[in-house]
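Asker: Below is the file model.cif, with mmCIF, C-alpha atoms and all ligand atoms.
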data_protein
loop_
_atom_site.label_atom_id
_atom_site.label_comp_id
_atom_site.auth_asym_id
_atom_site.auth_seq_id
_atom_site.Cartn_x
_atom_site.Cartn_y
_atom_site.Cartn_z
CA MET A 39 280.75 -123.50 161.55
CA ALA A 40 277.93 -123.10 158.98
CA LEU A 41 274.83 -121.75 160.68
CA ALA A 42 272.68 -124.79 159.87
CA GLU A 43 275.23 -127.19 161.39
CA ARG A 44 275.28 -125.47 164.80
CA PRO A 45 273.41 -127.18 167.66
CA ILE A 46 270.03 -126.38 169.18
CA GLY A 47 270.09 -125.45 172.89
CA VAL A 48 267.49 -127.05 175.17
CA PHE A 49 267.04 -126.42 178.89
CA ASP A 50 264.79 -127.26 181.82
CA SER A 51 264.99 -126.92 185.59
CA GLY A 52 266.13 -130.55 185.59
CA VAL A 53 265.43 -133.90 184.00
CA GLY A 54 261.89 -133.05 182.81
CA GLY A 55 263.04 -131.47 179.57
CA LEU A 56 264.24 -134.90 178.45
CA SER A 57 260.59 -135.56 177.57
CA VAL A 58 260.80 -132.65 175.11
CA LEU A 59 264.27 -133.66 173.88
CA ARG A 60 262.85 -137.10 173.03
CA ALA A 61 260.27 -135.46 170.76
CA LEU A 62 262.89 -133.12 169.25
CA CYS A 63 265.19 -136.02 168.39
CA ALA A 64 262.32 -137.88 166.73
CA GLU A 65 261.17 -134.85 164.72
CA LEU A 66 264.63 -133.56 163.77
CA PRO A 67 266.94 -136.54 163.11
CA ASN A 68 269.62 -134.41 161.45
CA GLU A 69 270.09 -131.99 164.34
CA ARG A 70 272.55 -131.84 167.22
CA PHE A 71 271.41 -130.68 170.66
CA VAL A 72 272.96 -129.30 173.83
CA TYR A 73 270.81 -130.09 176.87
CA VAL A 74 271.20 -128.25 180.18
CA ALA A 75 269.44 -129.58 183.29
CA ASP A 76 269.46 -126.87 185.94
CA SER A 77 269.05 -129.47 188.69
CA GLY A 78 271.29 -127.52 191.05
CA HIS A 79 268.65 -124.77 191.10
CA ALA A 80 265.43 -126.83 190.85
CA PRO A 81 262.57 -126.78 191.37
CA TYR A 82 261.55 -123.67 189.46
CA GLY A 83 257.83 -124.14 190.00
CA GLU A 84 257.78 -123.18 193.66
CA ARG A 85 260.21 -120.25 193.40
CA ASP A 86 259.48 -116.67 192.44
CA ASP A 87 259.81 -115.34 188.91
CA SER A 88 263.05 -113.48 189.59
CA HIS A 89 264.85 -116.78 190.34
CA VAL A 90 263.50 -118.41 187.16
CA ILE A 91 264.36 -115.36 185.02
CA GLU A 92 267.87 -115.13 186.40
CA ARG A 93 268.51 -118.85 185.81
CA SER A 94 267.01 -118.75 182.30
CA ARG A 95 269.30 -115.84 181.41
CA ALA A 96 272.40 -117.53 182.84
CA ILE A 97 271.77 -120.79 180.98
CA THR A 98 270.94 -119.07 177.70
CA HIS A 99 274.05 -116.93 177.95
CA HIS A 100 276.13 -120.07 178.47
CA LEU A 101 274.48 -121.85 175.52
CA ARG A 102 275.19 -118.90 173.24
CA GLN A 103 278.74 -118.21 174.38
CA GLN A 104 280.02 -121.76 174.74
CA HIS A 105 277.97 -123.67 172.17
CA ASP A 106 277.06 -121.08 169.58
CA ILE A 107 273.49 -122.40 169.38
CA LYS A 108 271.35 -121.60 166.33
CA ALA A 109 268.03 -121.91 168.22
CA LEU A 110 266.76 -122.30 171.78
CA VAL A 111 264.03 -124.57 173.14
CA VAL A 112 262.78 -123.69 176.62
CA ALA A 113 261.71 -127.21 177.64
CA CYS A 114 260.06 -126.02 180.84
CA ASN A 115 256.53 -124.66 181.21
CA THR A 116 257.48 -122.63 184.28
CA ALA A 117 260.47 -120.94 182.62
CA THR A 118 258.45 -120.30 179.46
CA ALA A 119 255.75 -118.56 181.50
CA ALA A 120 258.20 -116.46 183.52
CA ALA A 121 260.97 -115.65 181.08
CA ILE A 122 260.35 -116.34 177.40
CA HIS A 123 259.14 -112.82 176.58
CA LEU A 124 262.37 -111.40 178.04
CA LEU A 125 264.59 -113.96 176.32
CA ARG A 126 262.91 -113.16 172.99
CA GLU A 127 263.50 -109.44 173.48
CA GLU A 128 267.08 -109.84 174.59
CA LEU A 129 268.21 -112.51 172.13
CA ALA A 130 266.44 -111.54 168.90
CA PRO A 131 266.78 -112.74 166.16
CA LEU A 132 267.63 -116.14 167.77
CA PRO A 133 264.68 -118.49 167.12
CA ILE A 134 263.17 -119.42 170.52
CA VAL A 135 260.46 -122.02 171.14
CA GLY A 136 258.72 -122.42 174.49
CA ILE A 137 256.21 -124.86 175.90
CA GLU A 138 252.78 -124.26 177.39
CA PRO A 139 250.26 -126.66 178.94
CA ALA A 140 248.24 -128.33 176.15
CA LEU A 141 244.93 -126.64 176.98
CA LYS A 142 244.05 -125.86 173.36
CA PRO A 143 244.27 -129.48 172.11
CA ALA A 144 242.51 -130.58 175.31
CA ALA A 145 239.55 -128.25 174.71
CA ALA A 146 239.38 -129.36 171.06
CA THR A 147 239.45 -133.10 171.72
CA SER A 148 237.77 -133.67 175.11
CA GLN A 149 234.37 -135.28 174.51
CA ASN A 150 232.98 -134.29 177.90
CA LYS A 151 234.61 -130.86 177.76
CA ARG A 152 235.99 -131.52 181.23
CA VAL A 153 239.74 -131.36 181.57
CA GLY A 154 242.16 -131.75 184.50
CA VAL A 155 245.39 -129.74 184.42
CA MET A 156 248.46 -130.64 186.48
CA ALA A 157 251.24 -128.05 186.49
CA THR A 158 253.59 -126.21 188.81
CA ARG A 159 252.30 -123.43 191.03
CA GLY A 160 254.49 -120.97 189.05
CA THR A 161 252.90 -121.94 185.74
CA LEU A 162 249.33 -121.81 187.04
CA GLN A 163 249.85 -118.41 188.69
CA SER A 164 251.48 -116.84 185.65
CA GLU A 165 249.95 -114.12 183.49
CA LYS A 166 250.68 -116.17 180.39
CA PHE A 167 248.60 -119.06 181.74
CA ARG A 168 245.80 -116.74 182.84
CA ILE A 169 245.49 -115.41 179.28
CA LEU A 170 245.57 -118.93 177.81
CA LEU A 171 242.82 -120.11 180.16
CA GLU A 172 240.69 -117.00 179.63
CA GLY A 173 240.66 -117.60 175.87
CA LEU A 174 239.37 -121.16 176.31
CA LYS A 175 236.93 -120.92 179.16
CA GLU A 176 233.87 -121.08 176.88
CA LYS A 177 235.22 -124.22 175.21
CA ALA A 178 235.75 -126.52 178.20
CA HIS A 179 235.77 -126.67 181.98
CA PHE A 180 239.32 -126.88 183.39
CA THR A 181 240.18 -128.13 186.88
CA LEU A 182 243.61 -126.80 187.86
CA GLN A 183 245.94 -128.64 190.21
CA PRO A 184 249.24 -127.14 191.43
CA CYS A 185 251.54 -130.08 192.07
CA ASP A 186 254.01 -128.92 194.73
CA GLY A 187 256.81 -131.41 195.28
CA LEU A 188 256.06 -133.66 192.31
CA ALA A 189 258.80 -132.39 189.96
CA ILE A 190 261.46 -132.71 192.66
CA ALA A 191 260.25 -136.22 193.58
CA ILE A 192 260.64 -137.16 189.89
CA GLU A 193 264.05 -135.47 189.85
CA ARG A 194 265.10 -137.75 192.73
CA ASN A 195 263.18 -140.78 191.48
CA ASP A 196 261.57 -141.00 194.92
CA THR A 197 258.97 -143.60 193.97
CA THR A 198 257.14 -143.57 197.31
CA LYS A 199 256.66 -139.82 197.17
CA ILE A 200 255.73 -139.92 193.47
CA GLY A 201 252.99 -142.49 194.19
CA ALA A 202 251.63 -140.54 197.16
CA LEU A 203 251.57 -137.19 195.31
CA CYS A 204 250.01 -138.62 192.14
CA ALA A 205 247.25 -140.20 194.28
CA GLU A 206 246.71 -136.99 196.24
CA TYR A 207 246.63 -134.62 193.28
CA THR A 208 244.46 -136.72 190.94
CA GLY A 209 242.10 -137.38 193.86
CA ALA A 210 241.86 -133.66 194.64
CA MET A 211 240.83 -132.84 191.06
CA GLY A 212 237.69 -134.98 191.08
CA ILE A 213 236.43 -137.92 189.06
CA PHE A 214 238.24 -139.02 185.91
CA GLY A 215 236.50 -141.26 183.38
CA MET A 216 234.59 -141.38 180.15
CA SER A 217 231.05 -141.03 181.56
CA SER A 218 229.26 -137.75 181.12
CA GLY A 219 230.41 -135.12 183.62
CA GLU A 220 233.73 -136.87 184.29
CA MET A 221 237.15 -135.51 183.26
CA ASP A 222 238.15 -137.50 180.19
CA THR A 223 241.38 -135.57 179.57
CA LEU A 224 244.39 -134.78 181.75
CA VAL A 225 246.93 -132.17 180.68
CA LEU A 226 250.47 -132.75 181.93
CA GLY A 227 251.53 -129.11 182.16
CA CYS A 228 255.06 -129.74 183.43
CA THR A 229 257.71 -131.51 181.39
CA HIS A 230 258.62 -133.77 184.32
CA TYR A 231 255.18 -135.39 184.51
CA PRO A 232 255.17 -137.52 181.32
CA PHE A 233 257.73 -139.72 183.07
CA VAL A 234 255.17 -140.76 185.70
CA GLU A 235 252.38 -141.49 183.21
CA GLN A 236 252.19 -145.13 184.34
CA VAL A 237 251.69 -144.07 187.97
CA LEU A 238 249.02 -141.51 187.02
CA ARG A 239 247.19 -144.16 185.00
CA GLN A 240 246.68 -146.19 188.19
CA TYR A 241 244.50 -143.37 189.49
CA ILE A 242 242.77 -142.01 186.38
CA GLY A 243 242.19 -145.28 184.52
CA PRO A 244 243.30 -146.53 181.10
CA ASP A 245 240.99 -144.52 178.84
CA VAL A 246 241.51 -140.93 179.94
CA GLN A 247 243.45 -138.96 177.35
CA LEU A 248 246.84 -137.69 178.59
CA LEU A 249 248.25 -134.65 176.80
CA GLU A 250 251.80 -133.32 176.92
CA GLY A 251 253.51 -130.65 174.87
CA GLY A 252 256.72 -132.22 173.55
CA ALA A 253 255.57 -133.11 170.02
CA PRO A 254 254.04 -129.69 169.20
CA VAL A 255 257.23 -128.02 170.44
CA ALA A 256 259.31 -130.22 168.17
CA ARG A 257 257.08 -129.43 165.18
CA GLN A 258 257.27 -125.71 165.90
CA THR A 259 261.08 -125.92 166.14
CA ARG A 260 261.16 -127.60 162.73
CA ARG A 261 258.89 -124.90 161.24
CA LEU A 262 261.07 -122.06 162.56
CA LEU A 263 264.31 -123.64 161.34
CA GLU A 264 262.78 -124.44 157.97
CA ALA A 265 261.53 -120.87 157.57
CA ALA A 266 265.01 -119.55 158.43
CA GLY A 267 266.71 -122.03 156.06
CA GLN A 268 268.64 -123.45 159.03
CA LEU A 269 267.75 -127.16 159.07
CA ALA A 270 270.89 -129.34 159.31
CA LYS A 271 271.53 -131.65 156.39
CA GLY A 272 273.62 -134.64 157.49
CA LEU A 273 271.96 -137.40 159.56
CA GLN A 274 273.37 -137.50 163.11
CA GLN A 275 274.42 -140.73 164.81
CA PRO A 276 272.15 -141.28 167.83
CA SER A 277 275.17 -141.45 170.14
CA GLY A 278 276.83 -138.10 170.36
CA ARG A 279 274.00 -136.07 168.88
CA THR A 280 273.26 -134.53 172.28
CA ALA A 281 275.77 -133.04 174.71
CA PHE A 282 274.35 -133.22 178.26
CA PHE A 283 275.15 -130.81 181.09
CA SER A 284 273.83 -130.56 184.64
CA THR A 285 274.27 -127.87 187.27
CA GLY A 286 273.39 -130.48 189.90
CA ASP A 287 273.77 -134.23 190.23
CA THR A 288 275.24 -135.47 186.93
CA GLN A 289 274.57 -139.08 187.91
CA ALA A 290 270.86 -138.33 188.36
CA LEU A 291 270.58 -136.97 184.80
CA MET A 292 272.51 -139.95 183.46
CA GLU A 293 270.21 -142.37 185.29
CA SER A 294 267.06 -140.53 184.19
CA ALA A 295 268.15 -140.62 180.54
CA LYS A 296 268.78 -144.35 180.89
CA ARG A 297 265.58 -145.11 182.81
CA TRP A 298 263.15 -143.16 180.68
CA LEU A 299 264.73 -142.94 177.26
CA ARG A 300 267.15 -145.89 177.22
CA TRP A 301 269.88 -143.41 176.33
CA ASP A 302 273.50 -143.65 177.45
CA ALA A 303 274.14 -140.02 178.28
CA ASP A 304 277.58 -138.70 179.16
CA VAL A 305 276.81 -135.82 181.49
CA THR A 306 279.25 -133.00 182.20
CA ALA A 307 279.01 -130.94 185.39
CA LEU A 308 278.26 -127.28 184.75
CA ASN A 309 278.96 -124.53 187.22
CA ILE A 310 277.04 -121.42 186.19
N1 LIG B 1 259.77 -129.07 184.26
C1 LIG B 1 259.31 -127.79 184.68
C2 LIG B 1 258.04 -127.36 183.95
O1 LIG B 1 257.74 -127.84 182.87
C3 LIG B 1 259.13 -127.49 186.13
C4 LIG B 1 259.67 -128.30 187.21
C5 LIG B 1 260.10 -127.46 188.39
O2 LIG B 1 259.27 -127.08 189.21
O3 LIG B 1 261.28 -127.16 188.42
O4 LIG B 1 257.33 -126.51 184.43
#
Please lay out the structure from this file as structure tokens.
Ligand code: DGL
Answerer:
Amino acid sequence: MALAERPIGVFDSGVGGLSVLRALCAELPNERFVYVADSGHAPYGERDDSHVIERSRAITHHLRQQHDIKALVVACNTATAAAIHLLREELAPLPIVGIEPALKPAAATSQNKRVGVMATRGTLQSEKFRILLEGLKEKAHFTLQPCDGLAIAIERNDTTKIGALCAEYTGAMGIFGMSSGEMDTLVLGCTHYPFVEQVLRQYIGPDVQLLEGGAPVARQTRRLLEAAGQLAKGLQQPSGRTAFFSTGDTQALMESAKRWLRWDADVTALNI
């Protein structure tokens, strides 16, 4: 198949990467995607790096061997922090795009220069995040909140748990609001969290700016493909433009795609 017509591989520890896939589909209407939810091995955020690296390698290997992908999007902050440098070394010249918590746009746009950051423990403890934060510490004050259990509660659509954890974690960060000294910006540093935006709003109020990373990732993917002359030409039909795979509960991915994106996703079980 011509290089430009091959699909783009996208993966996450589970359903969270659908928030990135949504942005990719909007930005790149001519492209086909293969999405892998590693739900059988989630969560990544509370496991050590070796687990995340091993899973990232296994999924990427599968995407290359079975789907002949032309580019890879790591739609997971935790996997990006732990593994993207290795994937780039091992898979060059494959174009690879990762995601990082939106601290830079937060520092640039927060009026009060006070920003809350929700992410997994793995992301917040990573070297990559430490460097990102270090470079911005003169620009804004960041309050970091590891959100143990939240991604898996979203994975399971456990609404009671989601409500309790969102209340606990936003409460632990301090006061959100637009008055001076309050946090007027909240960074959603895990791709699962955009799906509970409505719940978070109950605790932080309607005016606080919420930032996620899907749209910048989609724009960066477009730039890389454009530069490589690999953008697909023909417009894809919405149905069938993404092949969905899950290493865990296929029904859960199907239901998440329906609930959050209004997509009818046919999900195939994947045993890797
Ligand atoms: N969605 C992943 C991220 O963006 C993490 C969820 C998990 O802990 O598996 O970091």
Asker: Env of stretch 141-151 of chain A: 8 Å cut, atoms = only C-alpha atoms, seq-sep filter 6 positions within chain, self excluded. Answer as a list in words.
Answerer: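 The filter keeps Leu170, Leu171, Leu174, Lys177, Ala178, His179, Met216, Ser217, Ser218, Gly219, Glu220, Met221, Asp222, Thr223, Leu224, Val225 and Leu249 of chain A.
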Asker: Could the residues that lie within 8 Å of ligand LIG 1 (chain B), counting only C-alpha atoms and all ligand atoms, be listed as a PyMOL selection string?
Answerer: chain A and resi 50-55+80-84+113-117+137+157-158+160-161+186-190+227-231
Asker: Which residues are close to A:Arg279, i.e. within 8 Å by all atoms listed in the file, leaving aside same-chain residues fewer than 6 positions away? Reply as JSON, numbers by chain.
Answerer: {"A": [69, 70, 71]}
Asker: I'd like the contact shell of A:Thr259 - 9 Å cut-off, only C-alpha atoms, skipping same-chain residues fewer than 3 positions apart - returned as a list in words.
Answerer: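 My list of contacting residues is Leu62, Leu66, Ala109, Leu110, Val111, Pro133, Ile134, Val135, Pro254, Val255, Ala256, Leu262, Leu263 and Glu264 of chain A.
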Asker: Between atom CA of A:Ile242 and atom CA of A:Trp301, what is the spacing in Å?
Answerer: 28.9 Å
Asker: From the list A:Thr198, A:Leu203, A:Gly154, A:Asn68, which residue is nearest A:Cys185 when using all atoms listed in the file?
Answerer: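 Looking only at the distances to A:Cys185, the closest residue turns out to be A:Leu203.
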Asker: Mind checking which residues fall within 8 Å of A:Leu308, counting only C-alpha atoms, ignoring those fewer than 2 positions away in the same chain, and posting them as a list in words?
Answerer: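 Contacts, with the query itself left out: Phe283, Ser284, Thr285, Gly286, Thr306 and Ile310 of chain A.
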Asker: Of the candidates A:Ala64, A:Leu226, A:Leu291, A:Leu129, which shows the shortest atom-to-atom distance to A:Gln274, using all atoms listed in the file?
Answerer: A:Ala64
